[in-house]
$ cat model.tsv   # TSV, C-alpha atoms and all ligand atoms
chain	number	residue	atom	x	y	z
C	24	MET	CA	-8.40	-26.68	-3.32
C	25	ALA	CA	-5.85	-24.72	-1.32
C	26	ASP	CA	-6.54	-24.15	2.36
C	27	PHE	CA	-6.05	-20.40	2.60
C	28	SER	CA	-7.68	-20.38	6.05
C	29	GLU	CA	-4.57	-21.97	7.58
C	30	LEU	CA	-2.52	-19.09	6.19
C	31	SER	CA	-5.00	-16.53	7.53
C	32	LYS	CA	-4.86	-18.23	10.92
C	33	SER	CA	-1.08	-18.08	11.03
C	34	VAL	CA	-1.19	-14.31	10.36
C	35	ILE	CA	-3.86	-13.92	13.07
C	36	ALA	CA	-1.63	-15.92	15.44
C	37	GLY	CA	1.31	-13.67	14.54
C	38	ASP	CA	3.31	-16.79	13.71
C	39	THR	CA	6.02	-15.46	11.39
C	40	ALA	CA	7.77	-18.78	10.75
C	41	ARG	CA	4.56	-20.62	9.91
C	42	THR	CA	3.24	-17.76	7.73
C	43	ALA	CA	6.51	-17.74	5.80
C	44	SER	CA	6.64	-21.52	5.37
C	45	LEU	CA	2.96	-21.82	4.35
C	46	THR	CA	3.45	-19.03	1.79
C	47	GLU	CA	6.53	-20.77	0.37
C	48	ALA	CA	4.71	-24.10	0.26
C	49	MET	CA	1.74	-22.54	-1.58
C	50	LEU	CA	4.07	-20.93	-4.11
C	51	ASN	CA	5.84	-24.27	-4.61
C	52	ASP	CA	2.43	-25.88	-5.17
C	53	GLY	CA	1.92	-23.47	-8.05
C	54	LEU	CA	-0.64	-21.18	-6.42
C	55	HIS	CA	-0.76	-17.60	-7.69
C	56	ALA	CA	0.92	-14.95	-5.53
C	57	LYS	CA	-2.09	-12.66	-5.83
C	58	ASP	CA	-4.47	-15.40	-4.63
C	59	ILE	CA	-2.20	-16.13	-1.66
C	60	LEU	CA	-2.34	-12.42	-0.83
C	61	ASP	CA	-6.05	-11.84	-1.44
C	62	GLU	CA	-7.43	-15.12	-0.08
C	63	GLY	CA	-5.03	-15.83	2.78
C	64	LEU	CA	-2.82	-13.00	3.99
C	65	ILE	CA	-5.07	-9.95	3.67
C	66	PRO	CA	-8.16	-11.60	5.26
C	67	GLY	CA	-5.85	-12.64	8.13
C	68	ILE	CA	-4.49	-9.16	8.81
C	69	LYS	CA	-8.00	-7.67	8.46
C	70	THR	CA	-9.21	-10.04	11.19
C	71	VAL	CA	-6.32	-8.84	13.35
C	72	GLY	CA	-7.57	-5.27	12.87
C	73	LYS	CA	-11.07	-6.31	13.94
C	74	LEU	CA	-9.74	-8.08	17.06
C	75	PHE	CA	-7.74	-4.95	17.89
C	76	SER	CA	-10.87	-2.78	17.48
C	77	LYS	CA	-12.79	-5.09	19.81
C	78	GLY	CA	-10.09	-4.84	22.45
C	79	GLU	CA	-9.23	-8.53	22.14
C	80	TYR	CA	-5.81	-7.80	20.61
C	81	PHE	CA	-3.30	-5.18	21.73
C	82	LEU	CA	-0.29	-3.50	20.14
C	83	PRO	CA	2.09	-6.47	20.56
C	84	GLU	CA	-0.31	-8.74	18.63
C	85	LEU	CA	-0.66	-6.09	15.91
C	86	LEU	CA	3.12	-5.93	15.65
C	87	MET	CA	3.55	-9.71	15.50
C	88	SER	CA	0.92	-10.11	12.79
C	89	GLY	CA	2.49	-7.23	10.88
C	90	GLU	CA	5.82	-9.06	11.05
C	91	ALA	CA	4.20	-12.27	9.82
C	92	MET	CA	2.76	-10.35	6.85
C	93	ARG	CA	6.14	-8.85	6.04
C	94	ALA	CA	7.80	-12.27	6.07
C	95	ALA	CA	5.25	-13.59	3.58
C	96	LEU	CA	5.62	-10.50	1.39
C	97	GLU	CA	9.37	-11.19	1.12
C	98	SER	CA	8.49	-14.42	-0.68
C	99	LEU	CA	5.82	-12.83	-2.86
C	100	LYS	CA	7.86	-9.77	-3.83
C	101	PRO	CA	9.99	-11.35	-6.58
C	102	ILE	CA	6.87	-12.70	-8.24
C	103	LEU	CA	4.57	-9.71	-7.85
C	104	SER	CA	7.20	-7.21	-8.90
C	105	SER	CA	8.49	-9.07	-11.95
C	106	GLY	CA	6.83	-8.50	-15.27
C	107	ASP	CA	8.27	-8.73	-18.73
C	108	ILE	CA	6.59	-5.61	-20.05
C	109	PRO	CA	7.85	-2.28	-21.36
C	110	PRO	CA	8.38	0.62	-18.91
C	111	THR	CA	5.13	2.39	-18.06
C	112	GLY	CA	6.34	5.47	-16.21
C	113	LYS	CA	7.82	6.79	-13.00
C	114	TYR	CA	5.84	6.59	-9.78
C	115	ALA	CA	6.76	7.87	-6.31
C	116	ILE	CA	4.87	6.71	-3.26
C	117	GLY	CA	5.03	7.22	0.50
C	118	THR	CA	2.99	6.86	3.66
C	119	VAL	CA	2.05	10.28	5.01
C	120	GLN	CA	3.56	11.98	8.03
C	121	GLY	CA	2.54	10.53	11.39
C	122	ASP	CA	1.74	7.15	9.87
C	123	VAL	CA	4.09	4.14	9.80
C	124	HIS	CA	1.79	1.56	8.17
C	125	ASN	CA	3.63	0.28	5.12
C	126	ILE	CA	2.30	-3.18	4.30
C	127	GLY	CA	-0.39	-1.94	1.91
C	128	LYS	CA	1.94	0.63	0.34
C	129	ASP	CA	4.54	-2.08	-0.26
C	130	ILE	CA	1.97	-4.32	-1.95
C	131	VAL	CA	0.99	-1.41	-4.20
C	132	ILE	CA	4.69	-0.96	-5.05
C	133	MET	CA	5.12	-4.65	-5.92
C	134	MET	CA	2.08	-4.63	-8.18
C	135	LEU	CA	3.15	-1.39	-9.89
C	136	GLU	CA	6.64	-2.78	-10.49
C	137	GLY	CA	5.11	-5.97	-11.85
C	138	ASN	CA	3.27	-3.83	-14.36
C	139	GLY	CA	6.28	-1.93	-15.65
C	140	TRP	CA	6.33	1.10	-13.36
C	141	GLU	CA	9.65	2.40	-12.08
C	142	VAL	CA	8.78	3.07	-8.44
C	143	THR	CA	10.56	5.24	-5.91
C	144	ASP	CA	9.59	4.33	-2.36
C	145	LEU	CA	9.65	7.48	-0.21
C	146	GLY	CA	9.07	5.36	2.89
C	147	VAL	CA	6.79	6.07	5.83
C	148	ASP	CA	6.10	9.16	7.93
C	149	VAL	CA	6.83	11.34	4.89
C	150	SER	CA	6.37	15.07	5.45
C	151	PRO	CA	4.75	17.45	2.95
C	152	ALA	CA	8.19	19.02	2.38
C	153	GLU	CA	9.68	15.61	1.54
C	154	PHE	CA	6.88	14.85	-0.93
C	155	CYS	CA	7.45	18.27	-2.56
C	156	SER	CA	11.19	17.78	-2.71
C	157	ALA	CA	10.78	14.38	-4.39
C	158	VAL	CA	8.51	15.88	-7.06
C	159	GLU	CA	10.80	18.85	-7.59
C	160	LYS	CA	13.93	16.74	-8.11
C	161	ASN	CA	12.47	14.00	-10.27
C	162	ASN	CA	10.29	13.56	-13.26
C	163	PHE	CA	7.54	11.41	-11.76
C	164	GLN	CA	4.29	10.98	-13.65
C	165	VAL	CA	2.39	9.93	-10.54
C	166	LEU	CA	2.75	10.68	-6.83
C	167	GLY	CA	1.01	8.19	-4.53
C	168	MET	CA	0.17	8.77	-0.89
C	169	SER	CA	-1.01	6.15	1.54
C	170	ALA	CA	-2.67	6.69	4.94
C	171	LEU	CA	-4.12	4.10	7.32
C	172	LEU	CA	-5.16	6.29	10.22
C	173	THR	CA	-8.13	8.62	10.26
C	174	SER	CA	-5.87	11.02	12.16
C	175	THR	CA	-3.35	11.16	9.28
C	176	MET	CA	-5.83	11.47	6.39
C	177	PRO	CA	-5.84	15.31	6.65
C	178	LYS	CA	-2.20	15.14	5.50
C	179	PHE	CA	-3.42	14.49	1.93
C	180	ALA	CA	-4.89	18.00	1.67
C	181	GLU	CA	-1.82	19.45	3.39
C	182	ILE	CA	0.55	17.79	0.91
C	183	ILE	CA	-1.55	18.79	-2.12
C	184	ASN	CA	-1.62	22.38	-0.84
C	185	ALA	CA	2.15	22.28	-0.31
C	186	LEU	CA	2.57	21.09	-3.91
C	187	LYS	CA	0.38	23.98	-5.11
C	188	THR	CA	2.29	26.53	-3.03
C	189	ALA	CA	5.59	25.23	-4.42
C	190	GLY	CA	4.23	25.49	-7.99
C	191	LEU	CA	4.56	21.72	-8.44
C	192	ARG	CA	0.94	20.56	-8.53
C	193	ASP	CA	0.71	20.53	-12.34
C	194	ARG	CA	3.90	18.47	-12.69
C	195	VAL	CA	2.41	15.29	-11.30
C	196	LYS	CA	-0.80	13.30	-11.01
C	197	VAL	CA	-1.69	12.64	-7.38
C	198	MET	CA	-3.22	9.39	-6.17
C	199	ILE	CA	-4.36	8.50	-2.67
C	200	GLY	CA	-5.23	5.24	-0.95
C	201	GLY	CA	-5.30	3.25	2.27
C	202	ALA	CA	-7.98	1.39	4.21
C	203	PRO	CA	-10.01	4.41	5.46
C	204	VAL	CA	-9.65	6.38	2.20
C	205	THR	CA	-12.58	6.84	-0.21
C	206	GLN	CA	-13.27	8.35	-3.61
C	207	ALA	CA	-15.25	11.06	-1.80
C	208	LEU	CA	-12.10	12.05	0.10
C	209	ALA	CA	-10.10	12.06	-3.14
C	210	ASP	CA	-12.68	14.45	-4.64
C	211	GLU	CA	-12.64	16.61	-1.53
C	212	VAL	CA	-8.86	17.07	-1.55
C	213	SER	CA	-8.68	17.34	-5.38
C	214	ALA	CA	-6.52	14.26	-5.81
C	215	ASP	CA	-6.46	12.98	-9.40
C	216	GLY	CA	-7.15	9.41	-8.41
C	217	TYR	CA	-8.03	6.91	-5.71
C	218	ALA	CA	-7.88	3.13	-5.62
C	219	PRO	CA	-9.27	0.76	-3.00
C	220	ASP	CA	-6.60	-1.91	-3.54
C	221	ALA	CA	-3.28	-2.57	-5.20
C	222	ALA	CA	-4.66	-4.11	-8.39
C	223	GLN	CA	-6.92	-1.11	-8.97
C	224	ALA	CA	-4.07	1.24	-8.08
C	225	VAL	CA	-2.21	-0.12	-11.11
C	226	ILE	CA	-5.24	0.38	-13.35
C	227	LYS	CA	-5.83	3.91	-12.05
C	228	ALA	CA	-2.17	4.92	-12.48
C	229	GLY	CA	-2.30	3.73	-16.09
C	230	GLN	CA	-5.48	5.71	-16.72
C	231	LEU	CA	-3.95	8.85	-15.21
C	232	VAL	CA	-0.91	8.84	-17.48
C	233	THR	CA	-2.96	7.92	-20.54
C	234	SER	CA	-5.42	10.75	-19.93
C	235	SER	CA	-2.62	13.26	-19.34
C	236	GLY	CA	-0.39	12.02	-22.14
C	237	LYS	CA	2.41	11.75	-19.58
C	238	GLY	CA	3.18	8.04	-20.18
C	239	GLY	CA	6.86	7.18	-20.23
I	1	LIG	CO1	-2.35	-0.12	13.03
I	1	LIG	N1	-4.14	0.59	12.94
I	1	LIG	N2	-1.87	1.18	14.40
I	1	LIG	N3	-0.64	-1.03	13.08
I	1	LIG	N4	-3.13	-1.46	11.94
I	1	LIG	C1	-5.03	0.06	11.90
I	1	LIG	C2	-4.94	0.88	10.62
I	1	LIG	C3	-6.45	0.15	12.60
I	1	LIG	C4	-7.62	0.29	11.59
I	1	LIG	C5	-6.65	-1.05	13.54
I	1	LIG	C6	-8.01	-1.01	14.21
I	1	LIG	O1	-8.21	-0.24	15.13
I	1	LIG	N5	-8.94	-1.82	13.76
I	1	LIG	C7	-6.26	1.43	13.51
I	1	LIG	C8	-6.61	2.77	12.89
I	1	LIG	C9	-7.92	3.29	13.42
I	1	LIG	C10	-8.23	4.63	12.87
I	1	LIG	O2	-7.43	5.40	12.48
I	1	LIG	N6	-9.52	4.92	12.87
I	1	LIG	C11	-4.77	1.33	13.84
I	1	LIG	C12	-4.15	1.97	14.96
I	1	LIG	C13	-5.09	2.68	15.91
I	1	LIG	C14	-2.75	1.94	15.17
I	1	LIG	C15	-1.96	2.64	16.27
I	1	LIG	C16	-2.41	4.08	16.60
I	1	LIG	C17	-2.03	1.72	17.52
I	1	LIG	C18	-1.40	2.29	18.75
I	1	LIG	O3	-0.26	2.64	18.78
I	1	LIG	N7	-2.20	2.36	19.78
I	1	LIG	C19	-0.52	2.61	15.72
I	1	LIG	C20	-0.20	3.84	14.85
I	1	LIG	C21	1.25	3.90	14.46
I	1	LIG	C22	1.46	5.02	13.44
I	1	LIG	O4	1.31	4.81	12.26
I	1	LIG	N8	1.84	6.20	13.92
I	1	LIG	C23	-0.60	1.39	14.84
I	1	LIG	C24	0.50	0.57	14.57
I	1	LIG	C25	0.45	-0.56	13.80
I	1	LIG	C26	1.64	-1.53	13.64
I	1	LIG	C27	2.96	-0.79	13.47
I	1	LIG	C28	1.70	-2.39	14.87
I	1	LIG	C29	1.19	-2.39	12.41
I	1	LIG	C30	1.74	-1.89	11.05
I	1	LIG	C31	2.90	-2.70	10.58
I	1	LIG	C32	3.36	-2.23	9.22
I	1	LIG	O5	2.63	-1.66	8.42
I	1	LIG	N9	4.63	-2.48	8.99
I	1	LIG	C33	-0.32	-2.15	12.38
I	1	LIG	C34	-1.24	-2.96	11.65
I	1	LIG	C35	-0.69	-4.25	11.07
I	1	LIG	C36	-2.60	-2.59	11.46
I	1	LIG	C37	-3.72	-3.37	10.74
I	1	LIG	C38	-4.14	-4.52	11.64
I	1	LIG	C39	-3.39	-3.92	9.38
I	1	LIG	C40	-2.88	-2.88	8.36
I	1	LIG	C41	-2.50	-3.60	7.11
I	1	LIG	O6	-1.35	-3.89	6.89
I	1	LIG	N10	-3.53	-4.02	6.31
I	1	LIG	C42	-4.83	-2.26	10.59
I	1	LIG	C43	-6.24	-2.81	10.54
I	1	LIG	C44	-6.82	-2.79	9.14
I	1	LIG	O7	-6.33	-2.16	8.24
I	1	LIG	N11	-7.94	-3.45	8.95
I	1	LIG	C45	-4.41	-1.25	11.59
I	1	LIG	C46	-3.31	-4.89	5.13
I	1	LIG	C47	-2.96	-4.04	3.91
I	1	LIG	C48	-2.73	-4.97	2.72
I	1	LIG	O8	-4.10	-3.24	3.65
I	1	LIG	O9	-2.89	-1.10	4.21
I	1	LIG	O10	-5.36	-1.09	3.62
I	1	LIG	P1	-4.01	-1.66	3.45
I	1	LIG	O11	-3.59	-1.51	1.91
I	1	LIG	C49	-4.41	-1.92	0.84
I	1	LIG	C50	-5.38	-0.82	0.34
I	1	LIG	O12	-5.77	0.08	1.36
I	1	LIG	C51	-4.67	-0.21	-0.81
I	1	LIG	O13	-3.92	-1.27	-1.36
I	1	LIG	C52	-3.44	-2.12	-0.34
I	1	LIG	C53	-3.35	-3.52	-0.86
I	1	LIG	O14	-4.56	-3.97	-1.43
I	1	LIG	N12	-3.75	0.93	-0.60
I	1	LIG	C54	-3.59	1.84	-1.59
I	1	LIG	C55	-2.92	1.24	0.41
I	1	LIG	N13	-2.22	2.32	0.12
I	1	LIG	C56	-2.61	2.72	-1.12
I	1	LIG	C57	-2.19	3.79	-1.91
I	1	LIG	C58	-2.80	3.95	-3.16
I	1	LIG	C59	-3.78	3.08	-3.60
I	1	LIG	C60	-4.18	2.01	-2.84
I	1	LIG	O15	-2.50	4.93	-4.00
I	1	LIG	C61	-1.42	5.78	-3.72

$ encode --input "model.tsv" --output "structure tokens"
Amino acid sequence: MADFSELSKSVIAGDTARTASLTEAMLNDGLHAKDILDEGLIPGIKTVGKLFSKGEYFLPELLMSGEAMRAALESLKPILSSGDIPPTGKYAIGTVQGDVHNIGKDIVIMMLEGNGWEVTDLGVDVSPAEFCSAVEKNNFQVLGMSALLTSTMPKFAEIINALKTAGLRDRVKVMIGGAPVTQALADEVSADGYAPDAAQAVIKAGQLVTSSGKGG
């Protein structure tokens, strides 16, 4: 039985070298990338969030643990994003303006790519105009938006309104996600879909293109 708690602890400690080496060792032992993520890395970073909320961790600790996560993701990326399946469609995704959290978005990207999606990463701190421009210039089936801060969640409605104003809303299915995001918010802002995690984001994206007949 793998000891995922050691991996969680190394993320909590913000120990980049140890997080990277434990991740590599687990992969070499034949453990699944998704289990390493779901059982070790994500519980670790969630604990960091809780410590930050309680005032026991400060910004430097948040940064160090974020770095440790990123180092582990480098090792998982080739596995999560490889998949020998036919192309599913084109997906663009970005973190909304005012928000620089990208770990969750990047995991969503890896899982989408692993399931045949051609993904364009619009990056972080993406303005409504940049989202609109991406949709205008490309033939994406799905536009994904991620937000991790309650203060940046209102950007979803702003971006969807900007798409409507630009006459682009019907060109693309819109999905939202991120730790504080809920289905209720998706309904409120008239997004086409919401997913609580990366695995379900892949399922939801597939459902959206199937229901619209926009599959690629
Ligand atoms: Co920040 N941060 N942070 N942070 N940070 C949170 C989000 C926070 C909850 C911590 C806390 O207080 N407990 C809190 C927000 C509170 C709130 O809004 N109510 C917070 C804060 C306050 C801040 C700052 C304001 C701190 C400050 O400066 N005083 C600041 C804001 C900077 C900004 O964006 N303008 C800040 C900065 C940072 C760092 C840069 C240091 C770092 C980010 C590093 C990076 O991303 N490169 C950081 C981190 C690491 C966190 C926590 C600890 C971890 C986030 C994370 O990576 N989670 C976080 C606490 C927490 O989330 N519990 C916290 C793991 C990741 C796998 O989960 O992103 O939820 P998540 O993604 C999941 C799902 O949500 C879903 O799939 C993913 C994989 O399963 N998903 C989607 C995500 N996007 C999706 C899109 C979809 C579908 C599903 O469809 C399109």

$ atom_distance --input "model.tsv" --atom1 "atom CA of C:Ile182" --atom2 "atom CA of C:Ala214"
10.4 Å

$ closest_atom_pairs --input "model.tsv" --of "chain C" --to "ligand LIG 1 (chain I)" --cutoff "6 Å" --atoms "only C-alpha atoms and all ligand atoms" --output "Markdown table"
| residue | atom | partner | partner_atom | distance |
| --- | --- | --- | --- | --- |
| C:Ile65 | CA | I:LIG1 | C46 | 5.6 |
| C:Ile68 | CA | I:LIG1 | C39 | 5.4 |
| C:Lys69 | CA | I:LIG1 | N11 | 4.2 |
| C:Val71 | CA | I:LIG1 | C38 | 5.1 |
| C:Gly72 | CA | I:LIG1 | C43 | 3.6 |
| C:Lys73 | CA | I:LIG1 | N5 | 5.0 |
| C:Phe75 | CA | I:LIG1 | N5 | 5.3 |
| C:Ser76 | CA | I:LIG1 | N5 | 4.3 |
| C:Leu82 | CA | I:LIG1 | C28 | 5.7 |
| C:Leu85 | CA | I:LIG1 | C28 | 4.5 |
| C:Leu86 | CA | I:LIG1 | C28 | 3.9 |
| C:Gly89 | CA | I:LIG1 | C35 | 4.4 |
| C:Gly121 | CA | I:LIG1 | N8 | 5.1 |
| C:Asp122 | CA | I:LIG1 | O4 | 3.4 |
| C:Val123 | CA | I:LIG1 | O4 | 3.8 |
| C:His124 | CA | I:LIG1 | O5 | 3.3 |
| C:Asn125 | CA | I:LIG1 | O5 | 4.0 |
| C:Ile126 | CA | I:LIG1 | O5 | 4.4 |
| C:Gly127 | CA | I:LIG1 | O11 | 3.2 |
| C:Lys128 | CA | I:LIG1 | N13 | 4.5 |
| C:Ile130 | CA | I:LIG1 | C53 | 5.5 |
| C:Val131 | CA | I:LIG1 | O13 | 5.7 |
| C:Gly167 | CA | I:LIG1 | C61 | 3.5 |
| C:Met168 | CA | I:LIG1 | C61 | 4.4 |
| C:Ser169 | CA | I:LIG1 | N13 | 4.3 |
| C:Leu171 | CA | I:LIG1 | C2 | 4.7 |
| C:Leu172 | CA | I:LIG1 | O2 | 3.3 |
| C:Thr173 | CA | I:LIG1 | O2 | 4.0 |
| C:Ser174 | CA | I:LIG1 | O2 | 5.8 |
| C:Met198 | CA | I:LIG1 | C61 | 4.7 |
| C:Ile199 | CA | I:LIG1 | C61 | 4.1 |
| C:Gly200 | CA | I:LIG1 | C57 | 3.5 |
| C:Gly201 | CA | I:LIG1 | O12 | 3.3 |
| C:Ala202 | CA | I:LIG1 | O10 | 3.7 |
| C:Ala218 | CA | I:LIG1 | C59 | 4.6 |
| C:Pro219 | CA | I:LIG1 | C51 | 5.2 |
| C:Asp220 | CA | I:LIG1 | O13 | 3.5 |
| C:Ala221 | CA | I:LIG1 | O13 | 4.1 |
| C:Ala224 | CA | I:LIG1 | C59 | 4.9 |

$ closest_residue --input "model.tsv" --among "C:Glu136, C:Asp144, C:Asp193, C:Glu62" --to "C:Pro101" --atoms "all atoms listed in the file"
C:Glu136

$ closest_residue --input "model.tsv" --among "C:Ala170, C:Val158, C:Leu135, C:Leu50" --to "C:Val119" --atoms "all atoms listed in the file"
C:Ala170

$ closest_residue --input "model.tsv" --among "C:Asp148, C:Glu47, C:Asp61, C:Asp215" --to "C:Ser31" --atoms "all atoms listed in the file"
C:Asp61

$ atom_distance --input "model.tsv" --atom1 "atom CA of C:Pro177" --atom2 "atom CA of C:Leu208"
9.6 Å

$ closest_residue --input "model.tsv" --among "C:Ile183, C:Ala36, C:Ile226, C:Ala95" --to "C:Leu60" --atoms "all atoms listed in the file"
C:Ala95

$ atom_distance --input "model.tsv" --atom1 "atom CA of C:Ser156" --atom2 "atom CA of C:Lys100"
27.8 Å

$ closest_residue --input "model.tsv" --among "C:Ala48, C:Val149, C:Ala40, C:Ile59" --to "C:Met87" --atoms "all atoms listed in the file"
C:Ala40

$ closest_residue --input "model.tsv" --among "C:Lys178, C:Lys32, C:Ala25, C:Glu84" --to "C:Gly53" --atoms "all atoms listed in the file"
C:Ala25
